[in-house]
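Visitor: Take a look at query_9.cif, mmCIF, C-alpha atoms and all ligand atoms:
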```
data_protein
#
loop_
_atom_site.label_atom_id
_atom_site.label_comp_id
_atom_site.auth_asym_id
_atom_site.auth_seq_id
_atom_site.Cartn_x
_atom_site.Cartn_y
_atom_site.Cartn_z
CA SER A 1 89.71 124.30 96.09
CA SER A 2 87.49 121.55 97.46
CA ALA A 3 90.22 118.97 96.75
CA ALA A 4 92.62 120.77 99.06
CA ASP A 5 90.05 120.71 101.87
CA ALA A 6 89.22 117.03 101.52
CA PRO A 7 90.77 114.57 103.97
CA VAL A 8 93.74 112.61 102.61
CA SER A 9 91.82 109.37 103.02
CA GLY A 10 88.07 108.79 103.14
CA ALA A 11 85.40 110.67 101.28
CA ALA A 12 84.27 114.19 102.07
CA GLU A 13 81.68 114.52 104.83
CA ALA A 14 79.15 115.98 102.39
CA THR A 15 79.39 112.91 100.15
CA HIS A 16 78.76 110.60 103.12
CA ASP A 17 75.80 112.74 104.14
CA ALA A 18 74.36 112.60 100.63
CA ALA A 19 74.74 108.81 100.46
CA ALA A 20 73.23 108.38 103.94
CA LYS A 21 70.27 110.62 103.10
CA LEU A 22 69.62 108.72 99.91
CA PHE A 23 69.85 105.42 101.77
CA VAL A 24 67.36 106.54 104.41
CA ALA A 25 64.95 107.86 101.75
CA MET A 26 65.13 104.52 99.92
CA THR A 27 64.90 102.14 102.87
CA GLY A 28 63.63 104.04 105.91
CA ARG A 29 66.70 102.69 107.77
CA LEU A 30 70.27 103.81 108.43
CA PRO A 31 73.01 102.16 106.36
CA GLY A 32 75.15 99.42 107.94
CA GLY A 33 78.38 100.83 106.53
CA PHE A 34 80.06 103.16 104.08
CA TRP A 35 82.61 102.19 101.46
CA SER A 36 84.33 104.58 99.08
CA ALA A 37 86.64 104.57 96.08
CA PRO A 38 88.35 107.44 94.29
CA GLY A 39 88.47 108.77 90.78
CA ARG A 40 91.86 108.97 89.19
CA VAL A 41 94.10 111.13 87.08
CA ASN A 42 96.42 109.48 84.64
CA LEU A 43 99.79 111.17 85.01
CA ILE A 44 101.07 109.58 81.80
CA GLY A 45 100.46 106.50 79.63
CA GLU A 46 97.43 107.06 77.40
CA HIS A 47 95.90 104.34 75.21
CA THR A 48 98.70 102.05 76.29
CA ASP A 49 96.54 99.89 78.58
CA TYR A 50 94.73 97.86 75.93
CA ASN A 51 98.05 97.51 74.11
CA GLU A 52 99.32 95.62 77.18
CA GLY A 53 101.72 98.44 77.99
CA PHE A 54 102.44 100.76 80.91
CA VAL A 55 100.39 103.41 82.68
CA LEU A 56 101.02 105.70 85.65
CA PRO A 57 97.76 106.94 87.17
CA PHE A 58 97.10 108.11 90.71
CA ALA A 59 93.95 108.04 92.83
CA ILE A 60 92.53 111.46 93.67
CA ALA A 61 90.77 112.79 96.78
CA GLN A 62 87.38 112.99 95.04
CA ARG A 63 85.48 109.79 95.87
CA THR A 64 82.29 107.87 95.33
CA VAL A 65 80.57 106.56 98.44
CA ALA A 66 78.37 103.49 98.67
CA ALA A 67 76.11 103.39 101.76
CA VAL A 68 75.12 99.76 102.12
CA ASP A 69 73.19 97.33 104.26
CA VAL A 70 72.07 93.75 103.89
CA ARG A 71 68.42 92.75 103.43
CA ALA A 72 66.43 89.79 104.66
CA ASP A 73 65.65 88.64 101.10
CA ARG A 74 67.71 88.08 97.92
CA MET A 75 66.98 91.35 96.15
CA ILE A 76 69.53 94.03 95.23
CA ARG A 77 68.34 97.64 95.17
CA VAL A 78 70.44 100.60 94.07
CA ALA A 79 69.85 104.34 94.28
CA SER A 80 71.99 107.24 93.13
CA ALA A 81 71.74 111.00 93.21
CA PHE A 82 71.76 110.57 89.41
CA SER A 83 68.23 109.28 89.33
CA GLU A 84 64.84 109.79 90.95
CA GLU A 85 64.12 106.09 90.90
CA ALA A 86 65.83 103.26 92.73
CA VAL A 87 66.30 100.11 90.66
CA GLU A 88 65.55 96.71 92.21
CA VAL A 89 66.43 93.30 90.80
CA ALA A 90 66.53 89.78 92.26
CA LEU A 91 70.14 88.61 92.67
CA ASP A 92 69.24 85.48 90.74
CA ASP A 93 67.97 87.56 87.82
CA LEU A 94 71.25 89.44 87.31
CA ALA A 95 72.55 86.62 85.12
CA THR A 96 69.50 86.99 82.87
CA ILE A 97 70.14 90.74 82.44
CA PHE A 98 73.91 90.61 81.94
CA PRO A 99 76.07 90.42 79.91
CA THR A 100 74.55 93.13 77.76
CA PRO A 101 74.69 92.02 74.11
CA VAL A 102 77.42 93.86 72.19
CA GLY A 103 76.10 97.08 70.67
CA GLU A 104 72.92 97.12 72.77
CA HIS A 105 71.96 99.28 75.73
CA PRO A 106 71.80 97.62 79.16
CA ALA A 107 68.37 96.33 80.19
CA VAL A 108 68.46 98.69 83.21
CA PRO A 109 69.10 102.47 83.23
CA GLU A 110 72.73 103.02 82.29
CA TRP A 111 73.84 104.37 85.68
CA ALA A 112 72.35 101.28 87.38
CA ALA A 113 74.30 98.97 85.07
CA TYR A 114 77.47 100.01 86.94
CA PRO A 115 76.50 98.88 90.47
CA LEU A 116 74.28 96.01 89.29
CA GLY A 117 76.95 94.96 86.80
CA VAL A 118 79.47 94.86 89.65
CA ALA A 119 77.13 92.63 91.67
CA TRP A 120 76.71 90.37 88.64
CA ALA A 121 80.49 90.22 88.08
CA VAL A 122 81.12 89.44 91.77
CA MET A 123 78.59 86.59 91.60
CA GLN A 124 80.13 85.22 88.40
CA LEU A 125 83.60 85.19 89.91
CA ALA A 126 82.35 83.80 93.20
CA GLN A 127 80.58 81.01 91.32
CA ARG A 128 83.75 80.09 89.45
CA ALA A 129 85.83 80.23 92.63
CA HIS A 130 83.27 78.10 94.44
CA GLU A 131 83.47 75.48 91.71
CA HIS A 132 87.18 75.35 92.53
CA GLY A 133 86.38 74.74 96.17
CA VAL A 134 86.93 78.17 97.70
CA ARG A 135 84.87 80.94 99.22
CA VAL A 136 81.17 81.38 99.63
CA ALA A 137 78.67 80.12 97.07
CA PRO A 138 76.67 82.95 95.49
CA ASP A 139 73.40 81.20 96.32
CA GLU A 140 74.26 81.96 99.96
CA PHE A 141 74.56 85.71 99.30
CA VAL A 142 72.02 87.91 101.04
CA GLY A 143 70.27 90.79 99.31
CA VAL A 144 71.64 94.33 99.65
CA ASP A 145 70.50 97.95 99.50
CA ILE A 146 73.06 100.37 98.05
CA ALA A 147 72.86 104.18 97.90
CA ILE A 148 75.55 105.98 95.93
CA ALA A 149 76.79 109.57 96.09
CA SER A 150 79.93 111.07 94.62
CA ASP A 151 82.03 114.18 94.25
CA VAL A 152 83.97 112.81 91.28
CA PRO A 153 83.14 114.91 88.22
CA VAL A 154 81.36 112.72 85.66
CA GLY A 155 82.60 112.38 82.09
CA ALA A 156 85.59 114.64 82.78
CA GLY A 157 88.20 111.95 82.28
CA LEU A 158 88.59 111.43 86.03
CA SER A 159 86.91 108.03 85.96
CA SER A 160 83.77 108.40 87.97
CA SER A 161 82.99 104.98 86.50
CA ALA A 162 85.93 103.26 88.21
CA ALA A 163 85.02 105.06 91.44
CA ILE A 164 81.47 103.71 91.51
CA GLU A 165 82.69 100.25 90.52
CA GLY A 166 85.40 100.21 93.19
CA ALA A 167 83.13 101.40 95.99
CA VAL A 168 80.41 98.87 95.17
CA ALA A 169 82.82 95.97 94.54
CA LEU A 170 84.54 96.44 97.89
CA ALA A 171 81.23 96.86 99.72
CA LEU A 172 79.87 93.62 98.24
CA SER A 173 83.13 91.79 98.94
CA ASP A 174 82.84 92.81 102.59
CA VAL A 175 79.13 92.12 103.13
CA TRP A 176 79.44 88.78 101.31
CA ASN A 177 82.70 87.87 103.13
CA LEU A 178 84.72 87.38 99.95
CA GLU A 179 87.91 89.17 101.05
CA LEU A 180 88.60 90.38 97.51
CA ARG A 181 91.75 92.47 97.11
CA GLY A 182 93.02 95.22 94.78
CA ALA A 183 93.53 93.48 91.44
CA GLU A 184 90.48 91.23 91.96
CA LEU A 185 88.28 94.23 92.70
CA ALA A 186 89.70 95.98 89.66
CA SER A 187 88.92 93.00 87.42
CA ILE A 188 85.34 92.96 88.70
CA GLY A 189 84.97 96.65 87.91
CA ARG A 190 86.34 96.18 84.45
CA MET A 191 84.07 93.20 83.81
CA ALA A 192 81.05 95.27 84.84
CA GLU A 193 82.09 98.18 82.63
CA ASN A 194 82.93 96.02 79.60
CA GLU A 195 80.17 93.43 79.76
CA ALA A 196 77.30 95.00 81.72
CA VAL A 197 77.60 98.66 80.67
CA GLY A 198 79.15 97.76 77.32
CA ALA A 199 82.06 100.22 77.42
CA PRO A 200 85.25 98.66 75.98
CA THR A 201 87.79 100.04 78.46
CA GLY A 202 91.08 98.74 79.81
CA ILE A 203 91.81 98.06 83.49
CA MET A 204 93.91 101.11 84.34
CA ASP A 205 91.17 103.16 85.98
CA GLN A 206 90.04 100.36 88.25
CA MET A 207 93.59 99.49 89.31
CA ALA A 208 94.28 103.13 90.22
CA SER A 209 91.01 103.36 92.13
CA THR A 210 91.59 100.19 94.12
CA LEU A 211 95.40 100.33 94.65
CA GLY A 212 96.14 104.05 95.03
CA GLU A 213 98.02 105.42 98.05
CA PRO A 214 98.50 108.98 99.30
CA ASP A 215 101.26 110.88 97.47
CA ALA A 216 102.03 107.96 95.14
CA ALA A 217 101.29 106.97 91.58
CA VAL A 218 100.43 103.41 90.55
CA PHE A 219 102.92 102.12 87.97
CA LEU A 220 101.02 99.39 86.25
CA ASP A 221 102.11 96.80 83.73
CA CYS A 222 98.85 96.13 81.92
CA ARG A 223 100.10 92.78 80.58
CA THR A 224 101.01 91.17 83.89
CA LEU A 225 98.92 93.47 86.11
CA ALA A 226 102.01 93.86 88.28
CA ALA A 227 101.65 97.17 90.11
CA GLU A 228 104.22 99.23 91.98
CA LEU A 229 103.69 102.41 93.95
CA VAL A 230 105.99 105.25 92.88
CA PRO A 231 106.28 108.18 95.31
CA LEU A 232 105.30 111.49 93.68
CA GLY A 233 106.74 113.93 96.22
CA LEU A 234 104.60 116.82 94.99
CA THR A 235 104.29 118.45 98.41
CA ASP A 236 108.03 118.45 99.10
CA ALA A 237 108.74 119.78 95.61
CA GLU A 238 106.15 122.56 96.18
CA LEU A 239 104.39 121.53 92.98
CA SER A 240 100.71 120.97 92.21
CA ILE A 241 98.81 119.07 89.58
CA VAL A 242 96.14 121.32 88.15
CA VAL A 243 93.20 119.70 86.36
CA ILE A 244 91.51 121.67 83.61
CA ASP A 245 88.15 120.05 82.88
CA THR A 246 87.21 121.40 79.46
CA ARG A 247 83.59 120.30 79.98
CA VAL A 248 83.66 118.85 76.49
CA LYS A 249 82.00 115.48 77.20
CA HIS A 250 83.67 112.45 75.73
CA ALA A 251 81.38 109.62 74.67
CA HIS A 252 82.36 105.96 74.41
CA SER A 253 79.71 105.48 71.77
CA THR A 254 81.46 107.65 69.18
CA GLY A 255 83.64 105.74 66.75
CA GLY A 256 86.98 107.34 67.67
CA TYR A 257 87.90 105.00 70.50
CA GLY A 258 87.05 101.84 68.60
CA GLU A 259 88.91 103.09 65.53
CA ARG A 260 92.07 103.68 67.62
CA ARG A 261 91.86 100.21 69.13
CA ALA A 262 91.42 98.67 65.71
CA ALA A 263 94.42 100.59 64.33
CA CYS A 264 96.57 99.33 67.22
CA GLU A 265 95.50 95.73 66.59
CA ARG A 266 96.20 96.15 62.90
CA GLY A 267 99.65 97.58 63.61
CA ALA A 268 100.53 94.73 65.97
CA ALA A 269 99.35 92.16 63.41
CA ILE A 270 101.45 93.73 60.64
CA MET A 271 104.49 93.68 62.92
CA GLY A 272 103.79 90.08 63.92
CA VAL A 273 103.61 90.77 67.67
CA PRO A 274 100.82 89.88 70.14
CA ALA A 275 100.48 93.53 71.23
CA LEU A 276 102.17 96.89 70.60
CA ARG A 277 103.77 96.45 74.02
CA ASP A 278 106.19 94.11 72.28
CA LEU A 279 107.64 96.88 70.11
CA THR A 280 110.27 99.44 71.09
CA VAL A 281 111.28 102.76 69.59
CA ALA A 282 113.97 100.89 67.65
CA ASP A 283 111.22 99.01 65.73
CA LEU A 284 109.55 102.16 64.43
CA GLU A 285 111.61 102.52 61.28
CA ARG A 286 110.60 99.04 60.16
CA ALA A 287 106.98 99.73 61.12
CA GLN A 288 106.90 102.86 58.98
CA ALA A 289 108.02 100.87 55.94
CA LEU A 290 105.34 98.20 56.47
CA MET A 291 102.12 100.13 57.08
CA ASP A 292 100.02 103.07 55.93
CA ASP A 293 100.69 106.47 57.47
CA VAL A 294 97.66 106.57 59.78
CA THR A 295 98.28 103.11 61.23
CA PHE A 296 101.96 103.96 61.65
CA ARG A 297 101.24 107.14 63.58
CA ARG A 298 98.83 105.27 65.88
CA VAL A 299 101.59 102.70 66.49
CA ARG A 300 104.21 105.38 67.04
CA HIS A 301 102.08 107.05 69.70
CA VAL A 302 101.69 103.83 71.67
CA VAL A 303 105.33 102.78 71.37
CA THR A 304 106.74 106.18 72.34
CA GLU A 305 104.13 106.61 75.08
CA ASN A 306 105.17 103.33 76.68
CA GLN A 307 108.75 104.59 76.67
CA ARG A 308 107.64 107.90 78.20
CA VAL A 309 105.95 106.05 81.07
CA LEU A 310 109.13 104.11 81.77
CA ASP A 311 111.14 107.34 81.56
CA THR A 312 108.74 109.12 83.91
CA VAL A 313 109.06 106.38 86.52
CA ARG A 314 112.85 106.52 86.21
CA VAL A 315 112.92 110.31 86.57
CA LEU A 316 110.52 110.24 89.55
CA ARG A 317 112.83 107.79 91.29
CA SER A 318 116.04 109.68 90.46
CA GLU A 319 115.67 113.47 90.12
CA GLY A 320 112.07 113.64 91.33
CA VAL A 321 108.79 115.08 90.04
CA ARG A 322 110.30 118.39 88.99
CA GLY A 323 112.01 116.54 86.14
CA ILE A 324 108.95 115.04 84.42
CA GLY A 325 107.47 118.17 82.80
CA ALA A 326 108.95 117.65 79.32
CA LEU A 327 107.71 114.05 79.24
CA LEU A 328 104.16 115.21 79.98
CA THR A 329 104.28 117.80 77.22
CA ALA A 330 105.75 115.31 74.73
CA SER A 331 102.90 112.94 75.58
CA HIS A 332 100.39 115.62 74.66
CA ALA A 333 102.06 116.33 71.32
CA SER A 334 101.97 112.62 70.51
CA MET A 335 98.26 112.36 71.29
CA ARG A 336 97.51 115.51 69.32
CA ASP A 337 99.58 114.73 66.22
CA ASP A 338 99.97 110.95 66.05
CA PHE A 339 96.95 109.50 67.84
CA GLU A 340 94.72 112.47 66.93
CA ILE A 341 92.49 112.32 70.00
CA SER A 342 92.85 115.89 71.23
CA VAL A 343 90.30 118.66 70.68
CA PRO A 344 90.93 122.44 70.41
CA GLU A 345 89.88 122.97 74.04
CA LEU A 346 92.50 120.49 75.29
CA ASP A 347 95.22 122.02 73.10
CA THR A 348 94.31 125.50 74.37
CA ALA A 349 94.45 124.29 77.98
CA VAL A 350 97.91 122.80 77.47
CA GLU A 351 99.34 125.70 75.49
CA SER A 352 98.02 128.43 77.78
CA ALA A 353 99.28 126.62 80.90
CA LEU A 354 102.75 126.17 79.39
CA ALA A 355 102.83 129.79 78.23
CA VAL A 356 102.67 131.03 81.83
CA GLY A 357 105.26 128.66 83.23
CA ALA A 358 103.68 125.23 83.80
CA LEU A 359 106.54 122.70 83.89
CA GLY A 360 104.56 120.33 81.67
CA ALA A 361 101.00 119.72 80.54
CA ARG A 362 98.99 117.13 78.68
CA MET A 363 95.48 115.97 78.02
CA THR A 364 94.58 113.04 80.26
CA GLY A 365 92.06 110.25 79.79
CA GLY A 366 90.75 108.74 76.61
CA GLY A 367 90.54 111.97 74.61
CA PHE A 368 87.88 113.66 72.46
CA GLY A 369 87.15 115.93 75.41
CA GLY A 370 87.57 115.59 79.15
CA ALA A 371 90.45 117.11 81.04
CA ALA A 372 94.05 118.25 80.75
CA ILE A 373 96.58 118.31 83.58
CA ALA A 374 99.41 120.74 84.21
CA LEU A 375 102.38 120.43 86.55
CA VAL A 376 102.63 123.82 88.21
CA GLU A 377 104.58 125.55 90.99
CA ASP A 378 102.33 125.84 94.04
CA HIS A 379 102.63 129.63 93.97
CA ALA A 380 101.65 129.77 90.27
CA VAL A 381 98.38 127.79 90.49
CA GLY A 382 96.31 130.99 90.48
CA ALA A 383 98.22 132.54 87.58
CA VAL A 384 97.95 129.38 85.47
CA SER A 385 94.22 129.09 86.20
CA ASP A 386 93.67 132.72 85.21
CA ALA A 387 95.67 132.32 82.01
CA VAL A 388 93.75 129.19 80.97
CA ARG A 389 90.40 130.84 81.73
CA ALA A 390 91.39 133.89 79.71
CA ALA A 391 92.49 131.76 76.76
CA PHE A 392 89.19 129.83 76.83
CA ALA A 393 87.20 133.07 76.93
CA ALA A 394 89.21 134.50 74.03
CA ALA A 395 88.56 131.37 71.96
CA GLY A 396 84.84 131.43 72.78
CA PHE A 397 84.97 128.07 74.61
CA THR A 398 82.77 127.10 77.56
CA GLU A 399 84.39 128.17 80.83
CA PRO A 400 86.54 125.29 82.10
CA HIS A 401 86.45 123.84 85.61
CA ILE A 402 89.91 124.20 87.11
CA PHE A 403 91.01 122.57 90.36
CA THR A 404 94.02 120.87 91.93
CA VAL A 405 94.21 117.17 92.77
CA THR A 406 96.21 115.31 95.37
CA ALA A 407 97.31 111.67 95.15
CA SER A 408 95.09 109.85 97.63
CA ALA A 409 94.10 106.46 99.02
CA GLY A 410 92.38 103.75 96.97
CA ALA A 411 89.11 101.97 97.79
CA HIS A 412 88.41 101.24 101.44
CA ARG A 413 85.70 100.98 104.03
CA ASP A 414 85.17 104.45 105.51
CA ARG A 415 83.02 103.53 108.51
P1 LIG A 501 84.13 108.98 83.49
O1 LIG A 501 84.49 107.64 84.06
O2 LIG A 501 85.24 109.60 82.71
O3 LIG A 501 83.60 109.93 84.52
P2 LIG A 501 82.27 107.35 82.05
O4 LIG A 501 81.39 107.62 80.89
O5 LIG A 501 83.25 106.25 81.97
O6 LIG A 501 82.95 108.74 82.44
O7 LIG A 501 81.35 107.02 83.31
C1 LIG A 501 80.33 107.94 83.69
C2 LIG A 501 79.07 107.15 83.94
O8 LIG A 501 79.23 106.35 85.13
C3 LIG A 501 77.88 108.03 84.24
O9 LIG A 501 77.25 108.48 83.05
C4 LIG A 501 76.99 107.09 85.06
O10 LIG A 501 76.29 106.21 84.20
C5 LIG A 501 78.01 106.28 85.84
N1 LIG A 501 78.24 106.91 87.16
C6 LIG A 501 79.33 107.54 87.58
N2 LIG A 501 79.18 108.01 88.85
C7 LIG A 501 77.94 107.66 89.22
C8 LIG A 501 77.15 107.87 90.41
N3 LIG A 501 77.61 108.54 91.45
N4 LIG A 501 75.89 107.35 90.42
C9 LIG A 501 75.41 106.70 89.35
N5 LIG A 501 76.10 106.48 88.23
C10 LIG A 501 77.35 106.95 88.14
MG MG A 502 85.06 105.98 82.85
#
```
Now that the file is in, can you turn its structure into structure tokens?
Guide:
Amino acid sequence: SSAADAPVSGAAEATHDAAAKLFVAMTGRLPGGFWSAPGRVNLIGEHTDYNEGFVLPFAIAQRTVAAVDVRADRMIRVASAFSEEAVEVALDDLATIFPTPVGEHPAVPEWAAYPLGVAWAVMQLAQRAHEHGVRVAPDEFVGVDIAIASDVPVGAGLSSSAAIEGAVALALSDVWNLELRGAELASIGRMAENEAVGAPTGIMDQMASTLGEPDAAVFLDCRTLAAELVPLGLTDAELSIVVIDTRVKHAHSTGGYGERRAACERGAAIMGVPALRDLTVADLERAQALMDDVTFRRVRHVVTENQRVLDTVRVLRSEGVRGIGALLTASHASMRDDFEISVPELDTAVESALAVGALGARMTGGGFGGAAIALVEDHAVGAVSDAVRAAFAAAGFTEPHIFTVTASAGAHRDR
């Protein structure tokens, strides 16, 4: 697969070439530097982030590259392979475009709201920091040209959005001499996604994309933002993570995500806690007595999922990755039955992978489409892929994209 051929750190050569070509076409000049950030796979911990709980994602080898150079004026111009047209805005006008009013579309094409939203968020934070006497004032920032290319599949649950945010945030931090680090970059990405794009997401994706390390998962406490790297040891265990992209596109605009968030808030309110993070499995009996069945099942998913993340970290650190299969599969059942965010394609992916010997499998990402992952013996990757393809064909589903992923480095300057 292309993932296996990609370097452990740094984006694929073809992605750099694409970004460079786009930059030259836009500006007539060569870029001054290349920054990149990865997509991510969430190993376990779904819909726990906005409940202030635990997640365990890892950065993948597929990356988004930003080719960047400064300009002599105070304009920001962005181009992407996604669009024929570059979008150009004065830095000082970003604050008139963003934040995007709740429920409205951004005032720029949606793809451009990611990089421009990042620039806006960086300027907002820099302004606040400057008022507290540190760092450069945003009215000293020079203009920039940014060309973006990526090999992260879009809308597949691998967070191409965090990848573009991470690459642009780090590039701007460097060219504007802000020295922003992991969690700060992640917060900027989230701010852009929430307030400029208008997608109500947690911070998991951005933390994975900025903090990831080769062969490690990022164990993140979404309340404190404390992050620890947990070695995965997939290579030594001769195991692979197979991604099955169902090609069913999830959409933030559909009501499912908002309904789940609302149910979680309702459940926490009924239980009298700030967030579902504050409940444990021992509280579930009381919860069941206090709330309607749907709300209870939403709560039960989050509470048991938090426990599964903690258990997964413990097992990774004691027996190793070979021991986590059952936790992955239990996570899928909880999302299918309690949180009700799976779709038939995801269930088929999980069931057909398990039927031919995957150690564990689950849907990953926000649900309603996107991808599943399976933990598979290296030698069985081909057999599992064939079995999943056959099951999709038998069910009349669109042929899935199947590939392996490796835990890789977070955002950095490539050259
Ligand atoms: P996911 O993060 O799961 O891939 P999202 O809907 O969160 O899906 O983000 C996908 C959106 O992010 C795209 O529709 C596009 O607007 C933006 N995006 C992602 N990668 C790029 C890119 N390389 N160039 C321009 N926009 C991108
Ligand atoms: Mg996303």
Visitor: Got a sec: who's within 6 Å of range 377-388 of chain A, counting only C-alpha atoms, leaving out chain neighbours fewer than 2 positions off, as a ChimeraX atom specification?
Guide: /A:238-240,349,352-353,390-391
Visitor: Would you please work out which residue, of A:Asp236, A:Glu179, A:Glu85, A:Asp174, is nearest to ligand LIG 501 (chain A) when using all atoms listed in the file?
Guide: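 For ligand LIG 501 (chain A), the nearest of the given residues is A:Glu85.
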Visitor: Within 6 Å of ligand MG 502 (chain A), counting only C-alpha atoms and all ligand atoms: which residues, as a list in words?
Guide: Ser159, Ser160 and Ser161 of chain A
Visitor: Looking at only C-alpha atoms and all ligand atoms, which of A:Ile44, A:Val108, A:Val70, A:Val142 is the one that sits closest to ligand LIG 501 (chain A)?
Guide: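 Smallest separation from ligand LIG 501 (chain A) among the options: A:Val108.
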Visitor: My list of candidates is A:Ile188, A:Ala79, A:Val144, A:Val55. Which is closest to Lys21 in chain A when distances are computed with only C-alpha atoms?
Guide: A:Ala79
Visitor: Check every protein, DNA and RNA residue against ligand LIG 501 (chain A), keep those with an atom at most 7 Å away (counting only C-alpha atoms and all ligand atoms), and present them as an mmCIF file with C-alpha atoms, keeping the file's coordinate frame.
Guide:
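The file below, pocket-v3.cif, is the result:
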```cif
data_model
loop_
_atom_site.group_PDB
_atom_site.id
_atom_site.type_symbol
_atom_site.label_atom_id
_atom_site.label_comp_id
_atom_site.auth_asym_id
_atom_site.auth_seq_id
_atom_site.Cartn_x
_atom_site.Cartn_y
_atom_site.Cartn_z
ATOM 1 C CA THR A 64 82.290 107.870 95.330
ATOM 2 C CA SER A 80 71.990 107.240 93.130
ATOM 3 C CA ALA A 81 71.740 111.000 93.210
ATOM 4 C CA PHE A 82 71.760 110.570 89.410
ATOM 5 C CA GLU A 110 72.730 103.020 82.290
ATOM 6 C CA TRP A 111 73.840 104.370 85.680
ATOM 7 C CA ALA A 112 72.350 101.280 87.380
ATOM 8 C CA TYR A 114 77.470 100.010 86.940
ATOM 9 C CA ILE A 148 75.550 105.980 95.930
ATOM 10 C CA ALA A 149 76.790 109.570 96.090
ATOM 11 C CA SER A 150 79.930 111.070 94.620
ATOM 12 C CA PRO A 153 83.140 114.910 88.220
ATOM 13 C CA VAL A 154 81.360 112.720 85.660
ATOM 14 C CA GLY A 155 82.600 112.380 82.090
ATOM 15 C CA ALA A 156 85.590 114.640 82.780
ATOM 16 C CA GLY A 157 88.200 111.950 82.280
ATOM 17 C CA LEU A 158 88.590 111.430 86.030
ATOM 18 C CA SER A 159 86.910 108.030 85.960
ATOM 19 C CA SER A 160 83.770 108.400 87.970
ATOM 20 C CA SER A 161 82.990 104.980 86.500
ATOM 21 C CA ALA A 162 85.930 103.260 88.210
ATOM 22 C CA ILE A 164 81.470 103.710 91.510
ATOM 23 C CA ALA A 251 81.380 109.620 74.670
ATOM 24 C CA HIS A 252 82.360 105.960 74.410
#
```
Visitor: I'd like the box whose edges run along x, y and z of the file and which contains every listed atom of range 185-199 of chain A, padded by 3 Å per side; could you state its centre and edge lengths in Å, one decimal, as AutoDock Vina command-line options?
Guide:
```
--center_x 83.5 --center_y 96.6 --center_z 85.0 --size_x 18.4 --size_y 13.3 --size_z 21.4
```
Visitor: Between CA of Ser209 in chain A and CA of Arg40 in chain A, what is the spacing in Å?
Guide: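 Separation of CA of Arg40 in chain A and CA of Ser209 in chain A: 6.4 Å.
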Visitor: Find, counting only C-alpha atoms, the residue in A:Arg135, A:Arg286, A:Arg77, A:Arg277 that gets nearest to Ala113 in chain A.
Guide: A:Arg77
Visitor: List the spatial neighbours of range 331-334 of chain A as a list in words - criterion: any atom at most 6 Å away, all atoms listed in the file, same-chain residues fewer than 6 positions off excluded.
Guide: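 Here the qualifying residues turn out to be His301, Arg362 and Met363 of chain A.
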Visitor: Could you list, as an MDAnalysis selection string, every residue within 8 Å of Ala20 in chain A, counting all atoms listed in the file and ignoring same-chain residues fewer than 6 positions away?
Guide: chainID A and resid 30:31 67 147
Visitor: Report, in Å with one decimal, the straight-line distance from CA of Val175 in chain A to CA of Gly143 in chain A.
Guide: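 Pair CA of Val175 in chain A / CA of Gly143 in chain A returns 9.7 Å.
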Visitor: Interatomic distance between CA of Val315 in chain A and CA of Leu327 in chain A?
Guide: 9.7 Å
Visitor: Using all atoms listed in the file, give me every residue within 10 Å of (86.2, 110.9, 102.2) in file coordinates, as a list in words.
Guide: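 Here is the list of nearby residues: Ala6, Pro7, Val8, Ser9, Gly10, Ala11, Ala12, Glu13, Ala14, Thr15, His16, Trp35, Ser36, Ala37, Pro38, Ala61, Gln62, Arg63, Thr64, Val65, Ser150, Asp151, Ala409, His412 and Asp414 of chain A.
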Visitor: With C-alpha atoms retained, export the selected residues as an mmCIF file, in the coordinates of the input.
Guide:
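Below is the file that was written, result_1.cif:
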```cif
data_model
loop_
_atom_site.group_PDB
_atom_site.id
_atom_site.type_symbol
_atom_site.label_atom_id
_atom_site.label_comp_id
_atom_site.auth_asym_id
_atom_site.auth_seq_id
_atom_site.Cartn_x
_atom_site.Cartn_y
_atom_site.Cartn_z
ATOM 1 C CA ALA A 6 89.220 117.030 101.520
ATOM 2 C CA PRO A 7 90.770 114.570 103.970
ATOM 3 C CA VAL A 8 93.740 112.610 102.610
ATOM 4 C CA SER A 9 91.820 109.370 103.020
ATOM 5 C CA GLY A 10 88.070 108.790 103.140
ATOM 6 C CA ALA A 11 85.400 110.670 101.280
ATOM 7 C CA ALA A 12 84.270 114.190 102.070
ATOM 8 C CA GLU A 13 81.680 114.520 104.830
ATOM 9 C CA ALA A 14 79.150 115.980 102.390
ATOM 10 C CA THR A 15 79.390 112.910 100.150
ATOM 11 C CA HIS A 16 78.760 110.600 103.120
ATOM 12 C CA TRP A 35 82.610 102.190 101.460
ATOM 13 C CA SER A 36 84.330 104.580 99.080
ATOM 14 C CA ALA A 37 86.640 104.570 96.080
ATOM 15 C CA PRO A 38 88.350 107.440 94.290
ATOM 16 C CA ALA A 61 90.770 112.790 96.780
ATOM 17 C CA GLN A 62 87.380 112.990 95.040
ATOM 18 C CA ARG A 63 85.480 109.790 95.870
ATOM 19 C CA THR A 64 82.290 107.870 95.330
ATOM 20 C CA VAL A 65 80.570 106.560 98.440
ATOM 21 C CA SER A 150 79.930 111.070 94.620
ATOM 22 C CA ASP A 151 82.030 114.180 94.250
ATOM 23 C CA ALA A 409 94.100 106.460 99.020
ATOM 24 C CA HIS A 412 88.410 101.240 101.440
ATOM 25 C CA ASP A 414 85.170 104.450 105.510
#
```
